[in-house]
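Q: Here's a structure for you.
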Amino acid sequence: MTTIPDSHRDLLDGANIAALSTVGADGTPQVTALWYLAEGDTIAASLETTRQKYKNVVSHPKATLFIIDPANPFRTLEIRASATIEPDPELALFDRVVRHYGQDPETFPAPRDHRVVLRLTPTRVVAQG
């Protein structure tokens, strides 16, 4: 399955924390917690080009996003995906993501330099619970 089932769409649309798994140069998985935004059939996140997850995705453009339902840890959504990087010079995605999580982008304490969009296009979706 490559689409998010209705039974788990709330996990993707809500302001939840996801674990993003990428593969490092030596083949070792690297996992990072991050904020994200559902955009149609894709998922987007704002990344800094100085971070390891960005470097991993550029070298190996595949990733997995894993979301655990905060109300029921046995209900999960795993999205295996192809990954692409897009420019975000105006920080448009950064702004939308920060607002989605109830914060003000003007005062949010995150670096704004070297930001890009990580776009995940699902290749396999596993919904549990």
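Identifiers in this document derive from the order of the structure tokens: chains are assigned A, B, ..., residues are numbered from 1 separately in each chain, and ligands are numbered from 1 in order of occurrence.
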So which residues touch His114 in chain A within 10 Å, counting only C-alpha atoms, skipping near sequence neighbours fewer than 4 positions away, as number ranges by chain?

A: A: 47-51, 87-89, 91

Q: Convert the current residue selection to file output with all heavy atoms, as a PDB file, in the first residue's frame.

A:
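After the write, selection10.pdb holds the following:
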```
ATOM      1  N   LEU A  47      14.577  21.041   6.687  1.00  0.00           N
ATOM      2  CA  LEU A  47      15.883  20.570   7.158  1.00  0.00           C
ATOM      3  C   LEU A  47      16.951  21.629   6.963  1.00  0.00           C
ATOM      4  O   LEU A  47      16.870  22.442   6.055  1.00  0.00           O
ATOM      5  CB  LEU A  47      16.332  19.331   6.379  1.00  0.00           C
ATOM      6  CG  LEU A  47      15.476  18.087   6.369  1.00  0.00           C
ATOM      7  CD1 LEU A  47      16.210  16.984   5.610  1.00  0.00           C
ATOM      8  CD2 LEU A  47      15.138  17.638   7.766  1.00  0.00           C
ATOM      9  N   GLU A  48      17.976  21.556   7.797  1.00  0.00           N
ATOM     10  CA  GLU A  48      19.179  22.366   7.606  1.00  0.00           C
ATOM     11  C   GLU A  48      20.181  21.535   6.810  1.00  0.00           C
ATOM     12  O   GLU A  48      20.375  20.350   7.104  1.00  0.00           O
ATOM     13  CB  GLU A  48      19.810  22.713   8.945  1.00  0.00           C
ATOM     14  CG  GLU A  48      18.993  23.627   9.814  1.00  0.00           C
ATOM     15  CD  GLU A  48      19.690  23.807  11.141  1.00  0.00           C
ATOM     16  OE1 GLU A  48      20.692  24.544  11.179  1.00  0.00           O
ATOM     17  OE2 GLU A  48      19.240  23.186  12.115  1.00  0.00           O
ATOM     18  N   THR A  49      20.834  22.160   5.863  1.00  0.00           N
ATOM     19  CA  THR A  49      21.796  21.428   5.034  1.00  0.00           C
ATOM     20  C   THR A  49      23.059  21.063   5.803  1.00  0.00           C
ATOM     21  O   THR A  49      23.863  20.277   5.315  1.00  0.00           O
ATOM     22  CB  THR A  49      22.183  22.244   3.786  1.00  0.00           C
ATOM     23  OG1 THR A  49      22.750  23.496   4.203  1.00  0.00           O
ATOM     24  CG2 THR A  49      20.975  22.481   2.897  1.00  0.00           C
ATOM     25  N   THR A  50      23.220  21.570   6.998  1.00  0.00           N
ATOM     26  CA  THR A  50      24.394  21.247   7.806  1.00  0.00           C
ATOM     27  C   THR A  50      24.193  19.999   8.667  1.00  0.00           C
ATOM     28  O   THR A  50      25.143  19.528   9.290  1.00  0.00           O
ATOM     29  CB  THR A  50      24.740  22.425   8.741  1.00  0.00           C
ATOM     30  OG1 THR A  50      23.594  22.708   9.560  1.00  0.00           O
ATOM     31  CG2 THR A  50      25.099  23.667   7.939  1.00  0.00           C
ATOM     32  N   ARG A  51      22.989  19.445   8.676  1.00  0.00           N
ATOM     33  CA  ARG A  51      22.670  18.322   9.559  1.00  0.00           C
ATOM     34  C   ARG A  51      22.899  16.974   8.876  1.00  0.00           C
ATOM     35  O   ARG A  51      22.818  16.843   7.654  1.00  0.00           O
ATOM     36  CB  ARG A  51      21.209  18.422  10.029  1.00  0.00           C
ATOM     37  CG  ARG A  51      20.867  19.713  10.757  1.00  0.00           C
ATOM     38  CD  ARG A  51      21.720  19.929  11.997  1.00  0.00           C
ATOM     39  NE  ARG A  51      21.542  18.883  12.949  1.00  0.00           N
ATOM     40  CZ  ARG A  51      20.871  18.985  14.081  1.00  0.00           C
ATOM     41  NH1 ARG A  51      20.312  20.125  14.412  1.00  0.00           N
ATOM     42  NH2 ARG A  51      20.745  17.963  14.888  1.00  0.00           N
ATOM     43  N   PRO A  87      14.588  23.507  -2.808  1.00  0.00           N
ATOM     44  CA  PRO A  87      15.006  24.752  -2.163  1.00  0.00           C
ATOM     45  C   PRO A  87      13.840  25.382  -1.398  1.00  0.00           C
ATOM     46  O   PRO A  87      12.676  25.167  -1.728  1.00  0.00           O
ATOM     47  CB  PRO A  87      15.448  25.632  -3.330  1.00  0.00           C
ATOM     48  CG  PRO A  87      14.813  25.045  -4.541  1.00  0.00           C
ATOM     49  CD  PRO A  87      14.574  23.589  -4.254  1.00  0.00           C
ATOM     50  N   ASP A  88      14.151  26.155  -0.375  1.00  0.00           N
ATOM     51  CA  ASP A  88      13.144  26.901   0.388  1.00  0.00           C
ATOM     52  C   ASP A  88      13.737  28.250   0.794  1.00  0.00           C
ATOM     53  O   ASP A  88      13.853  28.564   1.985  1.00  0.00           O
ATOM     54  CB  ASP A  88      12.703  26.104   1.610  1.00  0.00           C
ATOM     55  CG  ASP A  88      11.463  26.681   2.292  1.00  0.00           C
ATOM     56  OD1 ASP A  88      10.764  27.511   1.671  1.00  0.00           O
ATOM     57  OD2 ASP A  88      11.204  26.316   3.449  1.00  0.00           O
ATOM     58  N   PRO A  89      14.153  29.064  -0.208  1.00  0.00           N
ATOM     59  CA  PRO A  89      14.863  30.305   0.107  1.00  0.00           C
ATOM     60  C   PRO A  89      14.037  31.305   0.908  1.00  0.00           C
ATOM     61  O   PRO A  89      14.594  32.100   1.663  1.00  0.00           O
ATOM     62  CB  PRO A  89      15.240  30.869  -1.274  1.00  0.00           C
ATOM     63  CG  PRO A  89      14.255  30.261  -2.210  1.00  0.00           C
ATOM     64  CD  PRO A  89      13.940  28.894  -1.646  1.00  0.00           C
ATOM     65  N   LEU A  91      11.818  30.389   3.136  1.00  0.00           N
ATOM     66  CA  LEU A  91      11.433  29.695   4.373  1.00  0.00           C
ATOM     67  C   LEU A  91       9.924  29.481   4.463  1.00  0.00           C
ATOM     68  O   LEU A  91       9.351  29.442   5.550  1.00  0.00           O
ATOM     69  CB  LEU A  91      11.939  30.431   5.604  1.00  0.00           C
ATOM     70  CG  LEU A  91      13.455  30.606   5.691  1.00  0.00           C
ATOM     71  CD1 LEU A  91      13.830  31.423   6.911  1.00  0.00           C
ATOM     72  CD2 LEU A  91      14.168  29.264   5.700  1.00  0.00           C
TER      73      LEU A  91
END
```

Q: Would you mind listing what lies within 7 Å of Val31 in chain A as JSON, numbers by chain, with only C-alpha atoms counted and same-chain residues fewer than 3 positions away left out?

A: {"A": [19, 20, 21, 22]}

Q: Could you please write out, as a ChimeraX atom specification, every residue of chain A that DSSP assigns to helix (DSSP H, G or I)?

A: /A:6-13,52-59,92-100

Q: Looking at only C-alpha atoms, which of A:Ala15, A:Ser46, A:Asp69, A:Ala83 is the one that sits closest to Asp95 in chain A?

A: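 Using only C-alpha atoms, the shortest distance to Asp95 in chain A belongs to A:Ser46.
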
Q: When distances are computed from only C-alpha atoms, which of A:Arg112, A:His100, A:Arg80, A:Arg124 shows the smallest separation from Trp35 in chain A?

A: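 Of A:Arg112, A:His100, A:Arg80, A:Arg124, the one nearest Trp35 in chain A, counting only C-alpha atoms, is A:His100.
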
Q: Looking at only C-alpha atoms, which of A:Gln52, A:Thr76, A:Thr84, A:Gln30 is the one that sits closest to Val125 in chain A?

A: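 The closest residue to Val125 in chain A is A:Thr76.
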
Q: Write out as a list of chain:residue names which residues come within 12 Å of Arg96 in chain A when counting only C-alpha atoms, dropping same-chain ones fewer than 6 positions away.

A: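 The filter keeps A:Ala15, A:Trp35, A:Tyr36, A:Leu37, A:Ala38, A:Glu39, A:Ala44, A:Ala45, A:Ser46, A:Asp88, A:Glu90, A:Gly102, A:Gln103, A:Asp104, A:Pro105, A:Glu106, A:Val117.
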
Q: Write down as a VMD selection string the residues of chain A whose backbone DSSP state falls under strand (DSSP E or B).

A: chain A and resid 18 to 23 29 to 34 37 to 39 42 to 48 62 to 69 72 to 87 115 to 128

Q: Which is closest to Pro70 in chain A among A:Ala18, A:Ala92, A:Ala110, A:Val116, if we use only C-alpha atoms?

A: A:Ala18

Q: Which of these residues is nearest to Thr121 in chain A, using only C-alpha atoms: A:Leu93, A:Thr2, A:Ile17, A:Pro109?

A: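 Answer, going by the shortest atom-to-atom distance: A:Thr2.
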
Q: Which one of A:Arg115, A:Phe66, A:Lys55, A:Pro29 sits closest to Glu78 in chain A if you count only C-alpha atoms?

A: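 Closest candidate: A:Phe66.
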
Q: Excluding Gly24 in chain A and any residue of its chain fewer than 3 positions from it, enumerate the residues within 6 Å of it, using only C-alpha atoms, and give them as a ChimeraX atom specification.

A: /A:27-28,56

Q: Just the selected residues (C-alpha atoms), exported as a short mmCIF file (atom, residue, chain, number, x, y, z; two decimals), in the first residue's frame, please.

A:
```
data_model
loop_
_atom_site.label_atom_id
_atom_site.label_comp_id
_atom_site.auth_asym_id
_atom_site.auth_seq_id
_atom_site.Cartn_x
_atom_site.Cartn_y
_atom_site.Cartn_z
CA GLY A 27 25.09 1.88 6.10
CA THR A 28 24.17 2.61 9.71
CA ASN A 56 22.25 11.05 4.42
#
```
